[in-house]
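Visitor: Okay, so here is data.cif, and as you'll see once you scroll down, it has mmCIF, C-alpha atoms.
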```
data_input
loop_
_atom_site.label_atom_id
_atom_site.label_comp_id
_atom_site.auth_asym_id
_atom_site.auth_seq_id
_atom_site.Cartn_x
_atom_site.Cartn_y
_atom_site.Cartn_z
CA MET I 1 96.47 82.43 104.42
CA ASP I 2 93.52 84.81 104.68
CA ASN I 3 94.57 88.45 104.95
CA ILE I 4 96.54 89.49 101.89
CA THR I 5 98.41 92.71 101.15
CA VAL I 6 99.59 93.62 97.66
CA LEU I 7 102.41 96.17 97.39
CA GLY I 8 102.10 98.09 94.15
CA THR I 9 98.89 98.76 92.23
CA GLY I 10 100.18 98.94 88.67
CA VAL I 11 98.88 96.81 85.82
CA LEU I 12 99.69 93.42 87.34
CA GLY I 13 99.60 94.40 91.01
CA SER I 14 96.02 95.59 90.62
CA GLN I 15 95.09 92.34 88.86
CA ILE I 16 96.62 90.23 91.65
CA ALA I 17 94.79 92.24 94.29
CA PHE I 18 91.46 92.06 92.47
CA GLN I 19 91.69 88.34 91.71
CA THR I 20 92.51 87.68 95.35
CA ALA I 21 89.55 89.76 96.54
CA TYR I 22 87.33 88.15 93.90
CA SER I 23 88.26 84.77 95.41
CA GLY I 24 87.01 85.86 98.83
CA HIS I 25 90.09 87.18 100.61
CA PRO I 26 90.24 90.56 102.34
CA VAL I 27 92.94 92.56 100.53
CA VAL I 28 94.90 95.69 101.33
CA ALA I 29 96.15 97.49 98.23
CA TYR I 30 99.25 99.53 99.08
CA ASP I 31 100.93 102.21 97.02
CA VAL I 32 103.24 105.10 97.76
CA ASN I 33 100.76 107.98 97.76
CA ASP I 34 97.11 108.94 97.45
CA ASP I 35 97.43 109.80 93.75
CA ALA I 36 98.64 106.27 93.01
CA LEU I 37 95.77 104.85 95.06
CA ALA I 38 93.25 107.00 93.20
CA ALA I 39 94.55 105.55 89.94
CA ALA I 40 94.31 102.08 91.49
CA LYS I 41 90.63 102.57 92.30
CA THR I 42 89.99 103.35 88.65
CA ARG I 43 91.87 100.18 87.63
CA PHE I 44 89.85 98.08 90.05
CA GLU I 45 86.58 99.49 88.73
CA LYS I 46 87.66 98.64 85.18
CA LEU I 47 88.67 95.15 86.31
CA ALA I 48 85.26 94.64 87.92
CA ALA I 49 83.66 95.56 84.59
CA THR I 50 86.03 93.23 82.72
CA TYR I 51 85.26 90.34 85.04
CA ALA I 52 81.52 90.96 84.78
CA LYS I 53 81.82 90.77 81.01
CA HIS I 54 84.28 87.92 80.59
CA VAL I 55 84.34 85.74 83.73
CA GLU I 56 81.52 83.27 84.21
CA GLY I 57 79.37 84.13 87.23
CA ALA I 58 81.04 87.49 87.83
CA ALA I 59 78.10 89.52 86.49
CA ASP I 60 75.81 88.31 89.29
CA GLY I 61 77.30 90.75 91.79
CA LYS I 62 80.48 88.80 92.48
CA ALA I 63 82.75 91.27 90.68
CA ASP I 64 81.24 94.22 92.54
CA ALA I 65 81.50 92.34 95.84
CA ALA I 66 85.25 91.99 95.26
CA LEU I 67 85.60 95.78 95.29
CA GLY I 68 84.18 95.80 98.82
CA ARG I 69 86.94 93.49 100.05
CA ILE I 70 89.73 95.88 99.02
CA ARG I 71 91.09 98.42 101.47
CA TYR I 72 93.53 101.12 100.37
CA SER I 73 96.58 102.37 102.22
CA SER I 74 99.67 104.49 101.56
CA ASP I 75 101.09 103.70 105.02
CA LEU I 76 103.25 100.56 104.84
CA ALA I 77 102.97 99.61 108.51
CA ASP I 78 99.19 100.02 108.38
CA ALA I 79 98.94 98.06 105.12
CA VAL I 80 100.69 94.97 106.49
CA LYS I 81 99.64 95.00 110.15
CA ASP I 82 97.29 92.00 109.76
CA ALA I 83 98.85 90.38 106.68
CA ASP I 84 99.35 86.64 106.44
CA LEU I 85 100.90 87.09 103.01
CA VAL I 86 102.40 90.14 101.31
CA ILE I 87 102.71 89.97 97.53
CA GLU I 88 105.14 92.56 96.23
CA ALA I 89 104.57 93.94 92.72
CA VAL I 90 106.76 97.05 92.63
CA PRO I 91 108.80 98.01 89.53
CA GLU I 92 111.40 95.53 88.31
CA LYS I 93 114.46 97.24 89.83
CA LEU I 94 116.63 95.24 92.20
CA GLU I 95 117.70 98.11 94.45
CA LEU I 96 114.11 99.33 94.76
CA LYS I 97 112.90 95.88 95.74
CA ARG I 98 115.71 95.47 98.28
CA ASP I 99 114.80 98.81 99.83
CA VAL I 100 111.10 97.90 99.97
CA TYR I 101 111.84 94.58 101.69
CA THR I 102 114.19 96.19 104.20
CA LYS I 103 111.37 98.52 105.26
CA LEU I 104 108.74 95.78 105.03
CA GLY I 105 110.73 93.42 107.26
CA GLU I 106 110.82 96.05 109.98
CA VAL I 107 107.05 96.61 110.18
CA ALA I 108 105.38 93.34 109.18
CA PRO I 109 104.28 90.81 111.86
CA ALA I 110 106.57 87.83 112.40
CA LYS I 111 103.91 85.51 110.93
CA THR I 112 103.84 87.27 107.56
CA VAL I 113 105.13 85.51 104.45
CA PHE I 114 106.65 87.67 101.72
CA ALA I 115 106.34 86.83 98.02
CA THR I 116 107.83 88.75 95.10
CA ASN I 117 106.01 88.87 91.79
CA SER I 118 109.30 89.64 90.03
CA SER I 119 109.39 88.36 86.47
CA THR I 120 113.18 88.12 86.16
CA LEU I 121 114.93 88.61 89.52
CA LEU I 122 115.94 85.64 91.67
CA PRO I 123 114.63 85.40 95.24
CA SER I 124 118.17 84.75 96.47
CA ALA I 125 119.16 88.24 95.26
CA ILE I 126 116.61 89.74 97.67
CA ALA I 127 116.24 87.22 100.51
CA GLU I 128 118.80 88.68 102.92
CA PHE I 129 117.06 92.08 102.79
CA THR I 130 113.73 90.67 104.01
CA GLY I 131 114.83 89.91 107.57
CA ARG I 132 113.05 86.54 107.23
CA PRO I 133 114.60 84.67 104.29
CA GLU I 134 112.97 81.39 105.33
CA ARG I 135 109.53 83.03 104.83
CA PHE I 136 110.32 84.55 101.44
CA LEU I 137 109.93 83.24 97.90
CA ALA I 138 108.67 84.21 94.44
CA LEU I 139 105.06 84.01 93.30
CA HIS I 140 104.90 85.15 89.68
CA PHE I 141 101.62 85.77 87.87
CA ALA I 142 100.94 86.24 84.18
CA ASN I 143 99.22 89.31 82.79
CA GLU I 144 95.43 89.15 82.30
CA ILE I 145 95.33 86.91 85.33
CA TRP I 146 91.66 85.98 84.92
CA VAL I 147 92.50 84.24 81.62
CA HIS I 148 96.18 83.32 81.92
CA ASN I 149 95.85 81.87 85.40
CA THR I 150 99.29 80.46 86.12
CA ALA I 151 101.21 81.19 89.29
CA GLU I 152 104.89 80.24 89.25
CA VAL I 153 106.16 79.39 92.72
CA MET I 154 109.93 79.54 93.13
CA GLY I 155 111.81 79.41 96.39
CA HIS I 156 115.48 80.04 97.10
CA PRO I 157 117.77 77.64 98.98
CA GLY I 158 116.70 79.10 102.34
CA THR I 159 112.92 79.00 101.81
CA ASP I 160 111.08 76.87 104.38
CA PRO I 161 109.39 73.97 102.48
CA LYS I 162 106.26 74.43 104.62
CA VAL I 163 106.04 78.07 103.53
CA TYR I 164 106.47 76.99 99.92
CA ASP I 165 103.58 74.52 100.26
CA GLU I 166 101.40 77.17 101.93
CA VAL I 167 101.94 79.53 99.01
CA VAL I 168 101.12 76.76 96.50
CA ALA I 169 97.86 76.17 98.40
CA PHE I 170 97.12 79.90 98.41
CA ALA I 171 97.62 80.08 94.65
CA LYS I 172 95.08 77.29 94.19
CA SER I 173 92.65 79.08 96.50
CA ILE I 174 92.49 82.10 94.19
CA GLY I 175 91.91 80.04 91.06
CA MET I 176 95.49 79.79 89.84
CA VAL I 177 97.31 76.78 88.41
CA PRO I 178 100.52 76.56 90.50
CA ILE I 179 103.66 75.92 88.45
CA GLN I 180 106.23 74.61 90.91
CA LEU I 181 109.87 75.37 90.10
CA HIS I 182 112.40 73.04 91.67
CA LYS I 183 115.40 75.33 91.19
CA GLU I 184 115.96 79.07 90.86
CA ARG I 185 115.94 80.28 87.29
CA SER I 186 116.03 83.88 86.10
CA GLY I 187 112.92 84.39 84.01
CA TYR I 188 111.17 81.48 85.71
CA VAL I 189 109.37 79.24 83.17
CA LEU I 190 107.08 81.68 81.37
CA ASN I 191 109.62 84.44 80.85
CA SER I 192 112.42 82.01 80.02
CA LEU I 193 110.27 81.28 76.98
CA LEU I 194 108.74 84.73 76.43
CA VAL I 195 111.66 87.15 76.94
CA PRO I 196 113.92 85.76 74.17
CA PHE I 197 110.93 85.98 71.83
CA LEU I 198 110.27 89.62 72.76
CA ASP I 199 114.00 90.44 72.60
CA ALA I 200 114.10 89.10 69.04
CA ALA I 201 111.15 91.34 68.11
CA GLY I 202 112.90 94.35 69.67
CA ASP I 203 116.06 93.60 67.68
CA LEU I 204 114.08 93.48 64.43
CA LEU I 205 112.56 96.88 65.20
CA VAL I 206 115.79 98.57 66.32
CA GLU I 207 117.62 97.29 63.25
CA GLY I 208 114.88 98.64 60.97
CA ILE I 209 114.03 95.22 59.55
CA ALA I 210 110.25 95.61 59.71
CA THR I 211 107.48 97.62 61.39
CA PRO I 212 105.79 96.45 64.60
CA GLU I 213 102.62 95.78 62.61
CA ASP I 214 104.37 93.53 60.08
CA ILE I 215 106.35 91.71 62.77
CA ASP I 216 103.11 91.03 64.62
CA ASN I 217 101.35 89.99 61.42
CA VAL I 218 103.95 87.43 60.43
CA TRP I 219 103.91 85.90 63.91
CA ARG I 220 100.13 85.66 64.10
CA ILE I 221 99.69 84.37 60.56
CA GLY I 222 102.66 82.04 60.66
CA THR I 223 101.92 80.42 64.02
CA GLY I 224 98.21 80.96 64.67
CA ALA I 225 99.06 82.86 67.87
CA PRO I 226 96.38 85.33 69.04
CA ALA I 227 98.85 88.21 69.49
CA GLY I 228 102.20 89.36 68.17
CA PRO I 229 105.16 90.54 70.27
CA PHE I 230 104.36 94.24 70.10
CA GLN I 231 100.76 93.61 71.09
CA ILE I 232 102.19 91.69 74.05
CA PHE I 233 104.48 94.61 74.90
CA ASP I 234 101.44 96.91 74.99
CA VAL I 235 99.59 94.58 77.36
CA VAL I 236 102.59 94.09 79.66
CA GLY I 237 103.28 97.83 79.64
CA LEU I 238 106.15 99.66 77.99
CA THR I 239 107.53 100.87 81.31
CA THR I 240 108.01 97.27 82.43
CA ALA I 241 109.56 96.43 79.06
CA TYR I 242 111.88 99.43 79.41
CA ASN I 243 112.99 98.48 82.93
CA ILE I 244 113.82 94.92 81.88
CA SER I 245 115.53 95.93 78.63
CA SER I 246 117.62 98.61 80.38
CA ALA I 247 119.26 95.90 82.48
CA GLY I 248 120.12 93.76 79.43
CA GLY I 249 122.95 93.74 76.92
CA PRO I 250 123.68 96.31 74.20
CA LYS I 251 120.81 95.18 71.93
CA GLN I 252 118.29 95.28 74.78
CA GLN I 253 119.57 98.69 75.87
CA ALA I 254 119.13 100.02 72.33
CA PHE I 255 115.53 98.84 72.42
CA ALA I 256 115.06 100.48 75.84
CA LYS I 257 116.34 103.77 74.37
CA LEU I 258 113.87 103.50 71.50
CA LEU I 259 111.01 102.77 73.92
CA LYS I 260 111.85 105.78 76.07
CA GLU I 261 112.34 108.30 73.28
CA GLN I 262 109.54 107.25 70.92
CA TYR I 263 106.90 106.03 73.35
CA ILE I 264 107.38 106.49 77.11
CA ASP I 265 108.46 110.14 76.95
CA LYS I 266 105.33 110.80 74.88
CA GLY I 267 103.05 109.15 77.44
CA LYS I 268 102.50 106.07 75.28
CA LEU I 269 102.81 103.30 77.85
CA GLY I 270 100.59 100.64 76.27
CA VAL I 271 97.04 99.49 76.84
CA ALA I 272 96.91 101.12 80.29
CA THR I 273 97.22 104.63 78.79
CA GLY I 274 95.25 103.94 75.61
CA GLU I 275 98.28 104.02 73.32
CA GLY I 276 101.59 102.23 72.89
CA PHE I 277 102.70 100.56 69.69
CA TYR I 278 98.97 100.59 68.90
CA SER I 279 96.13 102.94 69.75
CA TYR I 280 93.33 101.67 72.01
CA LYS I 281 91.28 104.87 72.06
CA GLY I 282 87.71 104.96 70.85
#
```
Can you give me the file's structure in the form of structure tokens?

Guide:
Amino acid sequence: MDNITVLGTGVLGSQIAFQTAYSGHPVVAYDVNDDALAAAKTRFEKLAATYAKHVEGAADGKADAALGRIRYSSDLADAVKDADLVIEAVPEKLELKRDVYTKLGEVAPAKTVFATNSSTLLPSAIAEFTGRPERFLALHFANEIWVHNTAEVMGHPGTDPKVYDEVVAFAKSIGMVPIQLHKERSGYVLNSLLVPFLDAAGDLLVEGIATPEDIDNVWRIGTGAPAGPFQIFDVVGLTTAYNISSAGGPKQQAFAKLLKEQYIDKGKLGVATGEGFYSYKG
């Protein structure tokens, strides 16, 4: 797999695209309009600076060279015309993803493999909308991909084993540690562990038990973890947290309501906007 297209240039989509380009692949970054692509260019420039500062060897021109391997497009057919692999990183909404794959299946070459970066949705819930279920699976990355370099590979019952193996090999080629799932599981491995933890933190906040700062403090001090749950929410992005929580039970929906009213509606989306539960300005 050489030519890679990433659909969606949000927090994680931009990281996937940059890491792939940094590893030597030509990448097309697709988003819905020119404004979104302009924002993506800013994210990529910040990622290049982050890599130069924190990734060994990146400061010797390698990070800047990655920027030259990224092409931008808001035309889906153009974005995927040469793609060997399309990695989809659009918002975590099932109907949206199904619609994207219906359109993608109509314009992508027959050779192209599709991979969803969904953090919670099962490939089998989307497969029939791709037009090529045997060439479709999940490839889930963790946030801050240059540090947390896992790639969870999860097929569905109709995924071609050869395609699965090709995607595992691709993950290795971009510096990831492939985590191979043998069965479908909502939440995969990472989020099967992480989401209940974050849900518990949301419950504590909604119920007025403690502040985000104190909840984070007790977790960091009590376990030695580098970050608390609300710091993690800020890194993941509050819009993503809202989308996932909105689809949950009553407690999760109450947390989603709090996120929307107290943070998202005020433009506080997390690290990406400079403010979420914490301020990252100055």

Visitor: Expressed in Å to a single decimal, how great is the separation between atom CA of Phe129 of chain I and atom CA of Tyr72 of chain I?

Guide: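 Pair atom CA of Phe129 of chain I / atom CA of Tyr72 of chain I returns 25.3 Å.
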
Visitor: With distances taken over all atoms listed in the file, which residue among I:Ile264, I:Val168, I:Ala48, I:Ile174 lies nearest Asn243 of chain I?

Guide: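 For Asn243 of chain I, the nearest of the given residues is I:Ile264.
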
Visitor: Spell out the residues picked by the PyMOL selection byres ((chain I and resi 125) around 12) here, as a ChimeraX atom specification.

Guide: /I:93-95,97-98,101,116,118,120-124,126-130,133,136-138,155-158,184-186

Visitor: Env of Leu238 of chain I: 8 Å cut, atoms = all atoms listed in the file, seq-sep filter 6 positions within chain, self excluded. Answer as JSON, numbers by chain.

Guide: {"I": [259, 263, 264, 268, 269, 270, 276]}

Visitor: Choose the residue, out of I:Val27, I:Leu85, I:Glu144, I:Ala272, that has the smallest atom-to-atom separation from Arg43 of chain I; count all atoms listed in the file.

Guide: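 The shortest atom-to-atom distance to Arg43 of chain I comes from I:Ala272.
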
Visitor: Measuring atom to atom with only C-alpha atoms, identify which of I:Asp203, I:Asp214, I:Asp2, I:Glu45 is nearest to Gly68 of chain I.

Guide: I:Glu45

Visitor: Please write the residues picked by the PyMOL selection byres ((chain I and resi 240) around 10) on this file as an MDAnalysis selection string.

Guide: chainID I and resid 11 91:93 119 233:234 236:239 241:246 269

Visitor: Given the choices I:Gln19, I:Gln252, I:Gly10, I:Glu56, which gets closest to Lys41 of chain I if the distance is worked out from all atoms listed in the file?

Guide: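 Using all atoms listed in the file, the shortest distance to Lys41 of chain I belongs to I:Gly10.
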
Visitor: Identify which of the residues I:Ala52, I:Ser14, I:Arg69, I:Glu152 lies closest to Val90 of chain I, counting only C-alpha atoms when measuring atom-to-atom distances.

Guide: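 Under the stated criterion, the closest residue is I:Ser14.
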
Visitor: Have a look at I:Gly105, I:Asp199, I:Asn191, I:Lys62 and name the one nearest to Gly248 of chain I; count only C-alpha atoms.

Guide: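 Among I:Gly105, I:Asp199, I:Asn191, I:Lys62, it is I:Asp199 that comes nearest to Gly248 of chain I.
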
Visitor: Counting only C-alpha atoms, what is within 9 Å of Gly13 of chain I, bar same-chain residues fewer than 2 positions away, as a PDB file with C-alpha atoms, in the coordinates of the input?

Guide:
```
ATOM      1  CA  VAL I   6      99.590  93.620  97.660  1.00  0.00           C
ATOM      2  CA  LEU I   7     102.410  96.170  97.390  1.00  0.00           C
ATOM      3  CA  GLY I   8     102.100  98.090  94.150  1.00  0.00           C
ATOM      4  CA  THR I   9      98.890  98.760  92.230  1.00  0.00           C
ATOM      5  CA  GLY I  10     100.180  98.940  88.670  1.00  0.00           C
ATOM      6  CA  VAL I  11      98.880  96.810  85.820  1.00  0.00           C
ATOM      7  CA  GLN I  15      95.090  92.340  88.860  1.00  0.00           C
ATOM      8  CA  ILE I  16      96.620  90.230  91.650  1.00  0.00           C
ATOM      9  CA  ALA I  17      94.790  92.240  94.290  1.00  0.00           C
ATOM     10  CA  PHE I  18      91.460  92.060  92.470  1.00  0.00           C
ATOM     11  CA  ALA I  29      96.150  97.490  98.230  1.00  0.00           C
ATOM     12  CA  ILE I  87     102.710  89.970  97.530  1.00  0.00           C
ATOM     13  CA  GLU I  88     105.140  92.560  96.230  1.00  0.00           C
ATOM     14  CA  ALA I  89     104.570  93.940  92.720  1.00  0.00           C
ATOM     15  CA  VAL I  90     106.760  97.050  92.630  1.00  0.00           C
ATOM     16  CA  ASN I 117     106.010  88.870  91.790  1.00  0.00           C
TER      17      ASN I 117
END
```

Visitor: Between atom CA of Ala83 of chain I and atom CA of Ala108 of chain I, what is the spacing in Å?

Guide: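 Computed distance, atom CA of Ala108 of chain I to atom CA of Ala83 of chain I, equals 7.6 Å.
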
Visitor: Find the residues with any atom within 10 Å of (102.3, 92.7, 68.5); use only C-alpha atoms and the coordinates as given in the file, and write the answer as an mmCIF file with C-alpha atoms, in the frame of the given file.

Guide:
```cif
data_model
loop_
_atom_site.group_PDB
_atom_site.id
_atom_site.type_symbol
_atom_site.label_atom_id
_atom_site.label_comp_id
_atom_site.auth_asym_id
_atom_site.auth_seq_id
_atom_site.Cartn_x
_atom_site.Cartn_y
_atom_site.Cartn_z
ATOM 1 C CA LEU I 198 110.270 89.620 72.760
ATOM 2 C CA ALA I 201 111.150 91.340 68.110
ATOM 3 C CA PRO I 212 105.790 96.450 64.600
ATOM 4 C CA GLU I 213 102.620 95.780 62.610
ATOM 5 C CA ASP I 214 104.370 93.530 60.080
ATOM 6 C CA ILE I 215 106.350 91.710 62.770
ATOM 7 C CA ASP I 216 103.110 91.030 64.620
ATOM 8 C CA ASN I 217 101.350 89.990 61.420
ATOM 9 C CA VAL I 218 103.950 87.430 60.430
ATOM 10 C CA TRP I 219 103.910 85.900 63.910
ATOM 11 C CA ARG I 220 100.130 85.660 64.100
ATOM 12 C CA PRO I 226 96.380 85.330 69.040
ATOM 13 C CA ALA I 227 98.850 88.210 69.490
ATOM 14 C CA GLY I 228 102.200 89.360 68.170
ATOM 15 C CA PRO I 229 105.160 90.540 70.270
ATOM 16 C CA PHE I 230 104.360 94.240 70.100
ATOM 17 C CA GLN I 231 100.760 93.610 71.090
ATOM 18 C CA ILE I 232 102.190 91.690 74.050
ATOM 19 C CA PHE I 233 104.480 94.610 74.900
ATOM 20 C CA ASP I 234 101.440 96.910 74.990
ATOM 21 C CA VAL I 235 99.590 94.580 77.360
ATOM 22 C CA PHE I 277 102.700 100.560 69.690
ATOM 23 C CA TYR I 278 98.970 100.590 68.900
#
```

Visitor: Can you work out the spacing between atom CA of Asp31 of chain I and atom CA of Ala79 of chain I in Å, to one decimal?

Guide: 9.3 Å

Visitor: Within 9 Å of Glu166 of chain I, counting all atoms listed in the file, which residues show up once you throw out same-chain ones fewer than 5 positions away? Write them as a list in words, please.

Guide: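 The neighbour list is Met1, Pro161 and Ala171 of chain I.
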
Visitor: Just need segment 113-126 of chain I in a file, please: N, CA, C and O atoms, as a compact mmCIF listing (two decimals), in the first residue's frame.

Guide:
```txt
# COMPACT_ATOMS: atom_id res chain seq x y z
N VAL I 113 -8.68 -0.35 -0.67
CA VAL I 113 -9.13 -0.89 0.61
C VAL I 113 -9.65 0.27 1.45
O VAL I 113 -9.06 1.36 1.45
N PHE I 114 -10.75 0.04 2.16
CA PHE I 114 -11.32 1.06 3.03
C PHE I 114 -11.09 0.66 4.49
O PHE I 114 -11.31 -0.49 4.86
N ALA I 115 -10.71 1.62 5.31
CA ALA I 115 -10.51 1.37 6.74
C ALA I 115 -11.14 2.49 7.55
O ALA I 115 -10.87 3.67 7.29
N THR I 116 -11.97 2.14 8.52
CA THR I 116 -12.56 3.15 9.39
C THR I 116 -11.72 3.31 10.65
O THR I 116 -11.26 2.33 11.23
N ASN I 117 -11.53 4.54 11.05
CA ASN I 117 -10.83 4.83 12.30
C ASN I 117 -11.83 4.96 13.46
O ASN I 117 -11.49 5.47 14.52
N SER I 118 -13.04 4.49 13.27
CA SER I 118 -14.05 4.58 14.33
C SER I 118 -13.51 4.05 15.65
O SER I 118 -12.80 3.04 15.70
N SER I 119 -13.88 4.73 16.72
CA SER I 119 -13.42 4.30 18.05
C SER I 119 -14.44 3.42 18.76
O SER I 119 -14.10 2.79 19.76
N THR I 120 -15.67 3.38 18.26
CA THR I 120 -16.71 2.60 18.95
C THR I 120 -17.56 1.75 18.01
O THR I 120 -18.09 0.72 18.44
N LEU I 121 -17.72 2.17 16.76
CA LEU I 121 -18.64 1.49 15.85
C LEU I 121 -18.01 0.22 15.28
O LEU I 121 -16.81 0.17 15.00
N LEU I 122 -18.83 -0.81 15.08
CA LEU I 122 -18.35 -2.07 14.53
C LEU I 122 -18.30 -2.00 13.00
O LEU I 122 -19.21 -1.45 12.37
N PRO I 123 -17.28 -2.58 12.39
CA PRO I 123 -17.22 -2.62 10.93
C PRO I 123 -18.45 -3.27 10.30
O PRO I 123 -18.90 -2.85 9.24
N SER I 124 -19.01 -4.27 10.95
CA SER I 124 -20.18 -4.95 10.39
C SER I 124 -21.40 -4.05 10.30
O SER I 124 -22.32 -4.32 9.54
N ALA I 125 -21.42 -2.95 11.06
CA ALA I 125 -22.53 -2.00 10.99
C ALA I 125 -22.42 -1.09 9.78
O ALA I 125 -23.37 -0.38 9.43
N ILE I 126 -21.27 -1.12 9.11
CA ILE I 126 -21.00 -0.23 7.99
C ILE I 126 -20.73 -0.99 6.70
O ILE I 126 -20.95 -0.49 5.60
```
